[in-house]
>>> print(open('run.txt').read())   # compact mmCIF, C-alpha atoms
# COMPACT_ATOMS: atom_id res chain seq x y z
CA MET T 211 242.74 -65.10 46.02
CA ALA T 212 239.24 -64.80 44.53
CA LYS T 213 236.50 -63.26 46.57
CA ALA T 214 233.82 -65.57 47.95
CA SER T 215 230.61 -65.78 45.93
CA GLN T 216 227.41 -64.20 47.19
CA LYS T 217 225.94 -67.66 47.84
CA ASP T 218 228.71 -68.62 50.23
CA THR T 219 227.97 -68.74 53.93
CA ASN T 220 230.10 -68.33 57.02
CA LYS T 221 230.57 -70.98 59.69
CA ASN T 222 227.31 -69.94 61.35
CA GLY T 223 225.36 -70.48 58.16
CA GLN T 224 224.95 -66.76 57.58
CA SER T 225 224.95 -65.63 53.96
CA LEU T 226 227.40 -63.00 52.77
CA VAL T 227 224.47 -60.72 51.98
CA GLN T 228 223.18 -61.05 55.55
CA ARG T 229 226.65 -60.37 56.90
CA VAL T 230 227.02 -57.19 54.84
CA VAL T 231 223.53 -56.04 55.89
CA GLU T 232 224.41 -56.52 59.56
CA LYS T 233 227.80 -54.82 59.23
CA ILE T 234 226.32 -51.74 57.58
CA THR T 235 223.49 -51.57 60.11
CA SER T 236 225.84 -51.96 63.06
CA GLY T 237 228.12 -49.38 61.44
CA VAL T 238 225.27 -46.88 61.54
CA GLU T 239 224.63 -47.71 65.20
CA GLN T 240 228.31 -47.23 66.03
CA GLY T 241 228.54 -43.93 64.17
CA ASN T 242 230.75 -45.25 61.37
CA TYR T 243 228.19 -44.16 58.78
CA SER T 244 226.26 -40.92 59.09
CA PRO T 245 222.95 -39.82 57.52
CA GLY T 246 223.46 -38.63 53.97
CA GLN T 247 226.77 -40.48 53.60
CA ARG T 248 227.31 -42.26 50.28
CA LEU T 249 228.07 -45.98 50.35
CA ILE T 250 230.44 -47.05 47.58
CA ALA T 251 230.01 -50.73 46.68
CA ALA T 252 233.66 -51.16 45.73
CA ASP T 253 234.85 -49.70 49.03
CA LEU T 254 232.43 -51.83 51.06
CA ALA T 255 233.47 -54.96 49.16
CA GLU T 256 237.10 -54.35 50.03
CA GLN T 257 236.28 -53.47 53.63
CA PHE T 258 234.19 -56.60 54.19
CA ASP T 259 236.40 -58.85 52.03
CA VAL T 260 233.62 -59.93 49.67
CA SER T 261 232.83 -59.42 46.01
CA ARG T 262 230.67 -56.53 44.87
CA ALA T 263 227.68 -58.78 44.13
CA PRO T 264 226.65 -59.46 47.76
CA VAL T 265 227.30 -55.79 48.60
CA ARG T 266 224.95 -54.62 45.85
CA GLU T 267 222.32 -57.13 46.96
CA ALA T 268 222.73 -56.05 50.59
CA LEU T 269 222.22 -52.40 49.60
CA HIS T 270 218.97 -53.34 47.86
CA VAL T 271 217.87 -55.22 51.00
CA LEU T 272 218.67 -52.16 53.12
CA ALA T 273 216.80 -49.93 50.67
CA GLY T 274 213.76 -52.16 51.12
CA GLU T 275 214.15 -51.86 54.89
CA GLY T 276 214.32 -48.06 54.72
CA VAL T 277 217.96 -47.82 55.85
CA VAL T 278 219.48 -46.53 52.61
CA ASP T 279 218.21 -44.59 49.61
CA LEU T 280 219.20 -45.77 46.13
CA ILE T 281 219.59 -42.63 44.05
CA PRO T 282 219.96 -42.85 40.24
CA ASN T 283 223.49 -41.98 39.09
CA ARG T 284 224.61 -41.45 42.70
CA GLY T 285 224.36 -44.91 44.22
CA ALA T 286 223.39 -45.72 47.81
CA MET T 287 223.15 -43.22 50.64
CA ILE T 288 222.36 -43.60 54.33
CA ARG T 289 218.88 -42.18 54.83
CA LYS T 290 218.27 -38.98 56.72
CA VAL T 291 215.54 -39.46 59.29
CA SER T 292 213.03 -36.75 60.17
CA THR T 293 211.35 -36.23 63.52
CA LYS T 294 208.04 -37.25 61.92
CA GLU T 295 209.55 -40.58 60.86
CA LEU T 296 210.78 -41.17 64.41
CA ILE T 297 207.30 -40.48 65.74
CA ASP T 298 205.75 -42.74 63.09
CA LEU T 299 208.08 -45.53 64.18
CA LEU T 300 207.21 -44.95 67.83
CA ASP T 301 203.52 -45.35 66.94
CA PHE T 302 204.36 -48.57 65.10
CA THR T 303 206.53 -49.74 68.01
CA GLU T 304 203.64 -49.23 70.40
CA ALA T 305 201.33 -51.29 68.17
CA ILE T 306 203.80 -54.18 67.94
CA CYS T 307 205.11 -54.20 71.48
CA VAL T 308 201.72 -53.87 73.13
CA LEU T 309 201.05 -57.37 71.74
CA GLY T 310 204.25 -58.62 73.34
CA VAL T 311 203.42 -56.97 76.66
CA ARG T 312 199.83 -58.26 76.71
CA GLN T 313 200.67 -61.81 75.71
CA ALA T 314 203.84 -62.17 77.77
CA THR T 315 202.28 -60.96 81.01
CA PRO T 316 200.28 -64.15 81.77
CA LYS T 317 203.42 -66.19 81.03
CA MET T 318 205.33 -64.48 83.82
CA ASP T 319 204.13 -67.19 86.19
CA LYS T 320 207.08 -69.27 84.97
CA PRO T 321 210.35 -68.81 86.95
CA LYS T 322 212.48 -69.02 83.78
CA ASN T 323 210.59 -66.09 82.25
CA ILE T 324 210.93 -64.02 85.41
CA LYS T 325 214.66 -64.71 85.37
CA ILE T 326 214.97 -63.54 81.76
CA MET T 327 213.13 -60.31 82.44
CA GLU T 328 214.96 -59.61 85.71
CA LYS T 329 218.20 -59.71 83.75
CA ALA T 330 216.69 -57.40 81.12
CA ILE T 331 215.56 -54.78 83.65
CA GLN T 332 218.94 -54.94 85.37
CA ARG T 333 220.64 -54.07 82.07
CA VAL T 334 218.36 -51.03 81.87
CA ARG T 335 219.26 -50.00 85.43
CA ASP T 336 222.98 -50.38 84.77
CA ALA T 337 222.79 -48.35 81.55
CA TYR T 338 220.80 -45.67 83.39
CA LYS T 339 223.64 -45.27 85.88
CA ASN T 340 226.16 -44.71 83.07
CA ARG T 341 223.98 -42.05 81.40
CA VAL T 342 225.16 -42.74 77.83
CA PRO T 343 222.10 -42.38 75.55
CA LEU T 344 222.68 -45.01 72.84
CA PRO T 345 223.58 -47.95 75.11
CA PHE T 346 220.61 -47.02 77.28
CA ILE T 347 218.21 -46.97 74.30
CA ARG T 348 219.59 -50.36 73.25
CA THR T 349 218.78 -51.89 76.64
CA LEU T 350 215.18 -50.65 76.35
CA TYR T 351 214.99 -52.22 72.89
CA GLU T 352 216.51 -55.48 74.18
CA TYR T 353 214.01 -55.55 77.05
CA HIS T 354 211.17 -55.80 74.55
CA VAL T 355 213.05 -58.26 72.35
CA ASP T 356 213.10 -60.58 75.37
CA LEU T 357 209.48 -59.84 76.26
CA ASN T 358 208.27 -60.46 72.70
CA ALA T 359 210.10 -63.80 72.69
CA ILE T 360 208.30 -64.79 75.89
CA SER T 361 204.97 -63.72 74.37
CA GLU T 362 205.43 -66.38 71.67
CA ASN T 363 203.68 -64.09 69.21
CA TYR T 364 205.52 -64.89 65.99
CA TYR T 365 204.85 -61.58 64.26
CA ALA T 366 205.61 -59.32 67.22
CA ASN T 367 208.87 -61.21 67.69
CA PHE T 368 209.71 -61.22 63.97
CA PHE T 369 208.96 -57.60 63.09
CA TYR T 370 210.56 -56.06 66.18
CA ARG T 371 213.84 -57.75 65.35
CA ARG T 372 213.92 -56.37 61.82
CA VAL T 373 216.61 -53.97 60.65
CA PRO T 374 214.76 -50.62 60.93
CA PHE T 375 214.44 -50.87 64.70
CA HIS T 376 218.22 -51.29 65.03
CA PHE T 377 218.75 -48.53 62.49
CA PHE T 378 216.57 -45.97 64.26
CA ASN T 379 218.11 -46.44 67.74
CA PRO T 380 220.93 -43.89 67.21
CA PHE T 381 218.42 -41.31 65.94
CA PHE T 382 216.29 -41.76 69.05
CA ALA T 383 219.41 -41.49 71.19
CA GLU T 384 220.11 -38.04 69.71
CA LYS T 385 216.71 -36.79 70.92
CA VAL T 386 215.91 -38.75 74.09
CA PRO T 387 216.84 -38.87 76.84
CA SER T 388 218.25 -35.35 76.39
CA LYS T 389 217.32 -33.86 79.78
CA PRO T 390 217.88 -35.07 83.36
CA GLU T 391 214.14 -35.46 83.85
CA HIS T 392 213.98 -37.63 80.72
CA TRP T 393 216.49 -40.07 82.20
CA ASP T 394 214.47 -40.34 85.40
CA GLY T 395 211.23 -40.66 83.44
CA PHE T 396 212.54 -43.51 81.32
CA LEU T 397 213.73 -45.48 84.33
CA ARG T 398 210.55 -44.73 86.29
CA ASP T 399 208.34 -45.92 83.43
CA GLN T 400 210.42 -49.01 82.73
CA GLU T 401 210.29 -50.01 86.39
CA GLN T 402 206.51 -49.53 86.31
CA ILE T 403 206.17 -51.64 83.17
CA HIS T 404 208.34 -54.33 84.70
CA ALA T 405 206.34 -54.38 87.92
CA ALA T 406 203.13 -54.46 85.89
CA ILE T 407 204.05 -57.53 83.86
CA LEU T 408 204.83 -59.36 87.10
CA THR T 409 201.22 -58.82 88.25
CA LEU T 410 200.12 -61.31 85.55
CA ASP T 411 197.36 -58.82 84.66
CA PRO T 412 197.54 -57.86 80.94
CA HIS T 413 195.34 -54.79 81.45
CA VAL T 414 197.71 -53.37 84.06
CA SER T 415 200.83 -54.05 81.98
CA THR T 416 199.46 -52.76 78.67
CA THR T 417 198.17 -49.59 80.34
CA ALA T 418 201.62 -48.93 81.83
CA PHE T 419 203.29 -49.54 78.48
CA ILE T 420 200.91 -47.37 76.44
CA ASN T 421 201.26 -44.51 78.93
CA HIS T 422 205.05 -44.78 78.58
CA MET T 423 204.96 -44.74 74.78
CA GLN T 424 202.70 -41.70 74.70
CA TRP T 425 205.13 -39.90 77.00
CA VAL T 426 208.08 -40.85 74.77
CA ILE T 427 206.23 -39.54 71.72
CA SER T 428 205.49 -36.26 73.52
CA ILE T 429 209.13 -35.62 74.43
CA THR T 430 210.33 -36.63 70.96
CA LYS T 431 208.16 -33.83 69.57
CA GLU T 432 209.80 -31.23 71.84
>>> encode(input="run.txt", output="structure tokens")
Amino acid sequence: MAKASQKDTNKNGQSLVQRVVEKITSGVEQGNYSPGQRLIAADLAEQFDVSRAPVREALHVLAGEGVVDLIPNRGAMIRKVSTKELIDLLDFTEAICVLGVRQATPKMDKPKNIKIMEKAIQRVRDAYKNRVPLPFIRTLYEYHVDLNAISENYYANFFYRRVPFHFFNPFFAEKVPSKPEHWDGFLRDQEQIHAAILTLDPHVSTTAFINHMQWVISITKE
């Protein structure tokens, strides 16, 4: 049977290119692909049951997103990420998410928004109890996905959902939280941020968030 063309979509309207992008990105998160590992288009096409065309296009998309390197005569390779790049992304994360925090805080007067964020903080608490770094980092990421959505700031919501943030999560998980005091610090700060957004005072919430991000940057440098 012939492979589906790259223009085909699945039942959810997702293009084959998008599906391959998501599968590779989630594969990195799950540890199926490691930094420096080569990605062979023919192997990926067989694995994902698509032709090589959408795989090649997906690899170019991921190169543009900073997830893979396209090396002449060697093909695609999962990028290796330096500590400096992690810190650069944390600086960028602070700049984006501070918008979400500031603009979502006044909207926490709505019961539906409080309900959304109570569920988000509970996921953080549950992951904290399990003490597994990557799932915990994901819950922190998801907390701000929800908060950015409430903020209704299109660009904060759009950029924070982009591939690199998913891609970098496993690299953060290798560094933090790596000590018992880091675990406690993350939960303490997240509880403070959560309490701050419920005050409806953007100054209080953004101050709590910025203080947290500066602490995360400091321990990432250790």
>>> atom_distance(input="run.txt", atom1="CA of Asp301 in chain T", atom2="CA of Phe375 in chain T")
12.4 Å
>>> closest_atom_pairs(input="run.txt", of="range 352-412 of chain T", to="range 294-297 of chain T", cutoff="8 Å", atoms="only C-alpha atoms", output="Markdown table")
| residue | atom | partner | partner_atom | distance |
| --- | --- | --- | --- | --- |
| T:Phe378 | CA | T:Leu296 | CA | 7.5 |
| T:Phe381 | CA | T:Leu296 | CA | 7.8 |
| T:Phe382 | CA | T:Leu296 | CA | 7.2 |
>>> atom_distance(input="run.txt", atom1="CA of Glu267 in chain T", atom2="CA of Ala251 in chain T")
10.0 Å
>>> residues_around(input="run.txt", residues="range 364-370 of chain T", least_positions_apart="2", cutoff="7 Å", atoms="only C-alpha atoms", output="ChimeraX atom specification")
/T:306-307,309-310,355,358-359,362,372,375
>>> atom_distance(input="run.txt", atom1="CA of Phe396 in chain T", atom2="CA of Val342 in chain T")
13.1 Å
>>> residues_around(input="run.txt", residues="Leu300 in chain T", least_positions_apart="3", cutoff="9 Å", atoms="all atoms listed in the file", output="PyMOL selection string")
chain T and resi 295-297+303-305+423-424+426-427
>>> residues_around(input="run.txt", residues="Thr416 in chain T", least_positions_apart="3", cutoff="7 Å", atoms="all atoms listed in the file", output="mmCIF file with C-alpha atoms, keeping the file's coordinate frame")
data_model
loop_
_atom_site.group_PDB
_atom_site.id
_atom_site.type_symbol
_atom_site.label_atom_id
_atom_site.label_comp_id
_atom_site.auth_asym_id
_atom_site.auth_seq_id
_atom_site.Cartn_x
_atom_site.Cartn_y
_atom_site.Cartn_z
ATOM 1 C CA VAL T 308 201.720 -53.870 73.130
ATOM 2 C CA VAL T 311 203.420 -56.970 76.660
ATOM 3 C CA ARG T 312 199.830 -58.260 76.710
ATOM 4 C CA PRO T 412 197.540 -57.860 80.940
ATOM 5 C CA HIS T 413 195.340 -54.790 81.450
ATOM 6 C CA PHE T 419 203.290 -49.540 78.480
ATOM 7 C CA ILE T 420 200.910 -47.370 76.440
#
>>> residues_near_point(input="run.txt", point="(210.6, -35.5, 67.4)", cutoff="6 Å", atoms="all atoms listed in the file", output="list in words")
Thr293, Thr430 and Lys431 of chain T
>>> write_last_selection(input="run.txt", atoms="C-alpha atoms", output="PDB file, keeping the file's coordinate frame")
ATOM      1  CA  THR T 293     211.350 -36.230  63.520  1.00  0.00           C
ATOM      2  CA  THR T 430     210.330 -36.630  70.960  1.00  0.00           C
ATOM      3  CA  LYS T 431     208.160 -33.830  69.570  1.00  0.00           C
TER       4      LYS T 431
END
>>> residues_around(input="run.txt", residues="Ile288 in chain T", least_positions_apart="3", cutoff="6 Å", atoms="only C-alpha atoms", output="list of chain:residue names")
T:Pro245, T:Gly246, T:Gln247, T:Val278
>>> closest_residue(input="run.txt", among="T:Thr409, T:Asn379, T:Gln257, T:Asn283", to="Ser236 in chain T", atoms="all atoms listed in the file")
T:Asn379
>>> closest_residue(input="run.txt", among="T:Lys320, T:His422, T:His270, T:Lys325", to="Gly395 in chain T", atoms="all atoms listed in the file")
T:His422
>>> residues_near_point(input="run.txt", point="(236.4, -54.7, 55.3)", cutoff="12 Å", atoms="all atoms listed in the file", output="JSON, numbers by chain")
{"T": [229, 230, 233, 234, 237, 251, 252, 253, 254, 255, 256, 257, 258, 259, 260, 261, 265]}
>>> closest_residue(input="run.txt", among="T:Asn421, T:Thr235, T:Gln400, T:Gln313", to="Ile331 in chain T", atoms="only C-alpha atoms")
T:Gln400
>>> closest_residue(input="run.txt", among="T:Phe302, T:Pro374, T:Tyr351, T:Gln240", to="Val271 in chain T", atoms="all atoms listed in the file")
T:Pro374
>>> closest_residue(input="run.txt", among="T:Ala405, T:Leu226, T:Val277, T:Met327", to="Ala263 in chain T", atoms="all atoms listed in the file")
T:Leu226
>>> closest_residue(input="run.txt", among="T:Ile250, T:Phe377, T:Ser415, T:Asp394", to="Arg262 in chain T", atoms="only C-alpha atoms")
T:Ile250
>>> decode(input="run.txt", residues="range 308-322 of chain T", atoms="C-alpha atoms", output="PDB file, in the first residue's frame")
ATOM      1  CA  VAL T 308       5.826  37.565  33.143  1.00  0.00           C
ATOM      2  CA  LEU T 309       3.297  38.889  30.604  1.00  0.00           C
ATOM      3  CA  GLY T 310       1.051  35.918  31.288  1.00  0.00           C
ATOM      4  CA  VAL T 311       1.365  36.350  35.052  1.00  0.00           C
ATOM      5  CA  ARG T 312       0.727  40.101  34.944  1.00  0.00           C
ATOM      6  CA  GLN T 313      -2.231  39.941  32.595  1.00  0.00           C
ATOM      7  CA  ALA T 314      -3.845  36.822  34.048  1.00  0.00           C
ATOM      8  CA  THR T 315      -3.776  38.054  37.636  1.00  0.00           C
ATOM      9  CA  PRO T 316      -6.665  40.558  37.316  1.00  0.00           C
ATOM     10  CA  LYS T 317      -8.708  37.860  35.554  1.00  0.00           C
ATOM     11  CA  MET T 318      -8.544  35.596  38.591  1.00  0.00           C
ATOM     12  CA  ASP T 319     -11.743  37.188  39.850  1.00  0.00           C
ATOM     13  CA  LYS T 320     -13.610  34.688  37.657  1.00  0.00           C
ATOM     14  CA  PRO T 321     -14.462  31.335  39.334  1.00  0.00           C
ATOM     15  CA  LYS T 322     -13.733  29.370  36.139  1.00  0.00           C
TER      16      LYS T 322
END
